[in-house]
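Here's the structure, in structure tokens; my notes come after.
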Amino acid sequence: MLSQLEQVSANLAAARALRAEGVPYRVIGRRLALTTSQLGHIRRTLKREKAGQTRLHRTMPGATARDFPVGRSALPAGLRGILTRAGYRTLGDLADRIADRDQPGLETMPGLGPVRIRLVRALLDEFGLRAGSSDLQAEIEALFPDLRD
């Protein structure tokens with residue numbers, strides 16, 4: 001059984017996919033059997049995420065998903081606060097921390113339990129930033145540290 005945060009995350013991912021197809025929010029609410037407040041939460045979250053992407057691309061035209069700010073992500077507000085206070089400004093910072101084998105994982109941070117860690121990993125998967133062959137920029141930066149800036 002999914003926790004409440006995981007269920008919200010699953011609904012958000014499904015709504016994001018439906019919204020990308022151009023489905024109106026009212027239809028999304030019916031398809032996912034969401035209450036009015038749940039649909040409002042999804043609408044606000046997707047709006048915050050899109051506004052963050054728009055602002056990022058306006059200020060940095062060549063920006064990638066690695067440059068997306070954690071504060072504008074679809075993570076819950078408390079988790080966004082914990083991560084930004086810990087110094088993680090972008091999703092690329094989080095991806096680097098998870099991929100770095102020399103540093104302890106996010107599990108060692110106070111206030112982050114297994115459910116929140118799964119939410120962070122799911123968000124990184126959504127943007128294709130988890131370590132591996134899909135995150136080519138991170139692999140290049142690991143091989144050539146002078147290219148990070």
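Following the order of the structure tokens, first chain is A, next is B, and so on, with residues numbered from 1 inside each chain and ligands from 1 in the order they appear.
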
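Residue neighbourhood of Arg130 of chain A, excluding near-sequence residues (fewer than 5 positions): Gly92, Leu94, Ala95, Asp96, Ile98, Ala99, Arg121, Ala122, Leu123, Leu124, Asp125, Asp135 and Ala138 of chain A, at 10 Å, using only C-alpha atoms.
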
Prev. selection, N, CA and C atoms, output as a PDB file, in the first residue's frame:
ATOM      1  N   GLY A  92      20.296  19.223 -10.253  1.00  0.00           N
ATOM      2  CA  GLY A  92      21.614  18.691 -10.557  1.00  0.00           C
ATOM      3  C   GLY A  92      22.438  18.469  -9.296  1.00  0.00           C
ATOM      4  N   LEU A  94      21.228  17.659  -6.368  1.00  0.00           N
ATOM      5  CA  LEU A  94      20.684  16.435  -5.766  1.00  0.00           C
ATOM      6  C   LEU A  94      21.164  15.194  -6.512  1.00  0.00           C
ATOM      7  N   ALA A  95      21.140  15.260  -7.831  1.00  0.00           N
ATOM      8  CA  ALA A  95      21.580  14.118  -8.629  1.00  0.00           C
ATOM      9  C   ALA A  95      23.053  13.814  -8.374  1.00  0.00           C
ATOM     10  N   ASP A  96      23.864  14.857  -8.240  1.00  0.00           N
ATOM     11  CA  ASP A  96      25.287  14.658  -7.956  1.00  0.00           C
ATOM     12  C   ASP A  96      25.493  14.018  -6.600  1.00  0.00           C
ATOM     13  N   ILE A  98      23.436  12.060  -4.925  1.00  0.00           N
ATOM     14  CA  ILE A  98      23.006  10.663  -4.954  1.00  0.00           C
ATOM     15  C   ILE A  98      23.996   9.811  -5.737  1.00  0.00           C
ATOM     16  N   ALA A  99      24.552  10.364  -6.812  1.00  0.00           N
ATOM     17  CA  ALA A  99      25.470   9.600  -7.659  1.00  0.00           C
ATOM     18  C   ALA A  99      26.870   9.482  -7.063  1.00  0.00           C
ATOM     19  N   ARG A 121      13.979  10.577  -5.485  1.00  0.00           N
ATOM     20  CA  ARG A 121      14.456   9.716  -6.577  1.00  0.00           C
ATOM     21  C   ARG A 121      13.447   9.657  -7.723  1.00  0.00           C
ATOM     22  N   ALA A 122      12.159   9.635  -7.389  1.00  0.00           N
ATOM     23  CA  ALA A 122      11.133   9.621  -8.442  1.00  0.00           C
ATOM     24  C   ALA A 122      11.166  10.918  -9.243  1.00  0.00           C
ATOM     25  N   LEU A 123      11.387  12.040  -8.560  1.00  0.00           N
ATOM     26  CA  LEU A 123      11.474  13.321  -9.263  1.00  0.00           C
ATOM     27  C   LEU A 123      12.693  13.343 -10.183  1.00  0.00           C
ATOM     28  N   LEU A 124      13.813  12.851  -9.696  1.00  0.00           N
ATOM     29  CA  LEU A 124      15.010  12.803 -10.534  1.00  0.00           C
ATOM     30  C   LEU A 124      14.805  11.862 -11.726  1.00  0.00           C
ATOM     31  N   ASP A 125      14.079  10.770 -11.514  1.00  0.00           N
ATOM     32  CA  ASP A 125      13.752   9.871 -12.623  1.00  0.00           C
ATOM     33  C   ASP A 125      12.853  10.568 -13.641  1.00  0.00           C
ATOM     34  N   ASP A 135      21.944  10.139 -17.787  1.00  0.00           N
ATOM     35  CA  ASP A 135      22.423  11.446 -17.355  1.00  0.00           C
ATOM     36  C   ASP A 135      23.813  11.684 -17.935  1.00  0.00           C
ATOM     37  N   ALA A 138      26.015  14.658 -16.457  1.00  0.00           N
ATOM     38  CA  ALA A 138      26.656  14.358 -15.176  1.00  0.00           C
ATOM     39  C   ALA A 138      27.865  13.458 -15.375  1.00  0.00           C
TER      40      ALA A 138
END

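Omitting segment 107-109 of chain A and its sequence neighbours fewer than 4 positions away, and counting only C-alpha atoms, the residues within 12 Å are Leu79, Ile82, Leu83, Arg85, Ala86, Gly87, Arg97, Ile98, Gln103, Gly113, Pro114, Val115, Arg116, Ile117, Arg118, Val120 and Arg121 of chain A.
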
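Ranking A:Met60, A:Leu119, A:Leu106, A:Leu143 by their shortest atom-to-atom distance to Leu2 of chain A, with only C-alpha atoms included, puts A:Leu119 first.
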
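Comparing A:Ala51, A:Glu126, A:Thr90, A:Thr36 by their smallest distance to Arg16 of chain A, the closest is A:Glu126 (using only C-alpha atoms).
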
- Task: Determine which residues of segment 29-106 of chain A DSSP labels as alpha helix (DSSP H) from the backbone of this structure, then write them out as a VMD selection string.
- Result: chain A and resid 29 to 31 36 to 59 77 to 85 91 to 99

For the residues in that selection, give me C-alpha atoms as a PDB file, in the first residue's frame.
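Heads up, here's the output in result_33.pdb:
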ATOM      1  CA  GLY A  29      -9.907  14.858 -12.072  1.00  0.00           C
ATOM      2  CA  ARG A  30     -12.526  12.465 -13.413  1.00  0.00           C
ATOM      3  CA  ARG A  31     -10.034   9.976 -14.858  1.00  0.00           C
ATOM      4  CA  THR A  36     -11.679  18.971  -5.714  1.00  0.00           C
ATOM      5  CA  SER A  37      -8.936  19.713  -3.209  1.00  0.00           C
ATOM      6  CA  GLN A  38      -6.647  17.022  -4.653  1.00  0.00           C
ATOM      7  CA  LEU A  39      -7.155  18.414  -8.129  1.00  0.00           C
ATOM      8  CA  GLY A  40      -6.448  21.929  -6.853  1.00  0.00           C
ATOM      9  CA  HIS A  41      -3.217  20.718  -5.274  1.00  0.00           C
ATOM     10  CA  ILE A  42      -2.131  19.086  -8.540  1.00  0.00           C
ATOM     11  CA  ARG A  43      -3.030  22.204 -10.509  1.00  0.00           C
ATOM     12  CA  ARG A  44      -1.000  24.456  -8.167  1.00  0.00           C
ATOM     13  CA  THR A  45       1.956  22.074  -8.196  1.00  0.00           C
ATOM     14  CA  LEU A  46       2.060  21.818 -11.981  1.00  0.00           C
ATOM     15  CA  LYS A  47       1.641  25.574 -12.270  1.00  0.00           C
ATOM     16  CA  ARG A  48       4.560  26.178  -9.866  1.00  0.00           C
ATOM     17  CA  GLU A  49       6.698  23.722 -11.816  1.00  0.00           C
ATOM     18  CA  LYS A  50       5.867  25.301 -15.182  1.00  0.00           C
ATOM     19  CA  ALA A  51       6.465  28.815 -13.848  1.00  0.00           C
ATOM     20  CA  GLY A  52       9.850  27.664 -12.554  1.00  0.00           C
ATOM     21  CA  GLN A  53      10.762  26.240 -15.948  1.00  0.00           C
ATOM     22  CA  THR A  54       9.641  29.417 -17.706  1.00  0.00           C
ATOM     23  CA  ARG A  55      11.636  31.605 -15.343  1.00  0.00           C
ATOM     24  CA  LEU A  56      14.682  29.367 -15.681  1.00  0.00           C
ATOM     25  CA  HIS A  57      14.604  29.409 -19.491  1.00  0.00           C
ATOM     26  CA  ARG A  58      14.044  33.167 -19.530  1.00  0.00           C
ATOM     27  CA  THR A  59      17.048  33.868 -17.303  1.00  0.00           C
ATOM     28  CA  ALA A  77       6.793  22.006   0.646  1.00  0.00           C
ATOM     29  CA  GLY A  78       8.474  20.603   3.762  1.00  0.00           C
ATOM     30  CA  LEU A  79      10.844  18.474   1.724  1.00  0.00           C
ATOM     31  CA  ARG A  80      11.695  21.401  -0.566  1.00  0.00           C
ATOM     32  CA  GLY A  81      12.497  23.449   2.526  1.00  0.00           C
ATOM     33  CA  ILE A  82      14.736  20.769   4.030  1.00  0.00           C
ATOM     34  CA  LEU A  83      16.664  20.356   0.792  1.00  0.00           C
ATOM     35  CA  THR A  84      17.133  24.068   0.133  1.00  0.00           C
ATOM     36  CA  ARG A  85      18.265  24.703   3.726  1.00  0.00           C
ATOM     37  CA  LEU A  91      18.112  19.198  -9.208  1.00  0.00           C
ATOM     38  CA  GLY A  92      21.614  18.691 -10.557  1.00  0.00           C
ATOM     39  CA  ASP A  93      22.988  19.185  -7.023  1.00  0.00           C
ATOM     40  CA  LEU A  94      20.684  16.435  -5.766  1.00  0.00           C
ATOM     41  CA  ALA A  95      21.580  14.118  -8.629  1.00  0.00           C
ATOM     42  CA  ASP A  96      25.287  14.658  -7.956  1.00  0.00           C
ATOM     43  CA  ARG A  97      24.864  13.890  -4.247  1.00  0.00           C
ATOM     44  CA  ILE A  98      23.006  10.663  -4.954  1.00  0.00           C
ATOM     45  CA  ALA A  99      25.470   9.600  -7.659  1.00  0.00           C
TER      46      ALA A  99
END

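If only C-alpha atoms are the atoms counted, then among A:Leu129, A:Ala74, A:Ile140, A:Leu112 the closest residue to Val8 of chain A is A:Ala74.
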
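Atom to atom, atom CA of Ala63 of chain A and atom CA of Leu18 of chain A stand 24.8 Å apart.
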
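With only C-alpha atoms as the atoms that count, the minimum distance from Ala142 of chain A to the choices A:Ala17, A:Arg101, A:Leu12, A:Gly71 is reached by A:Arg101.
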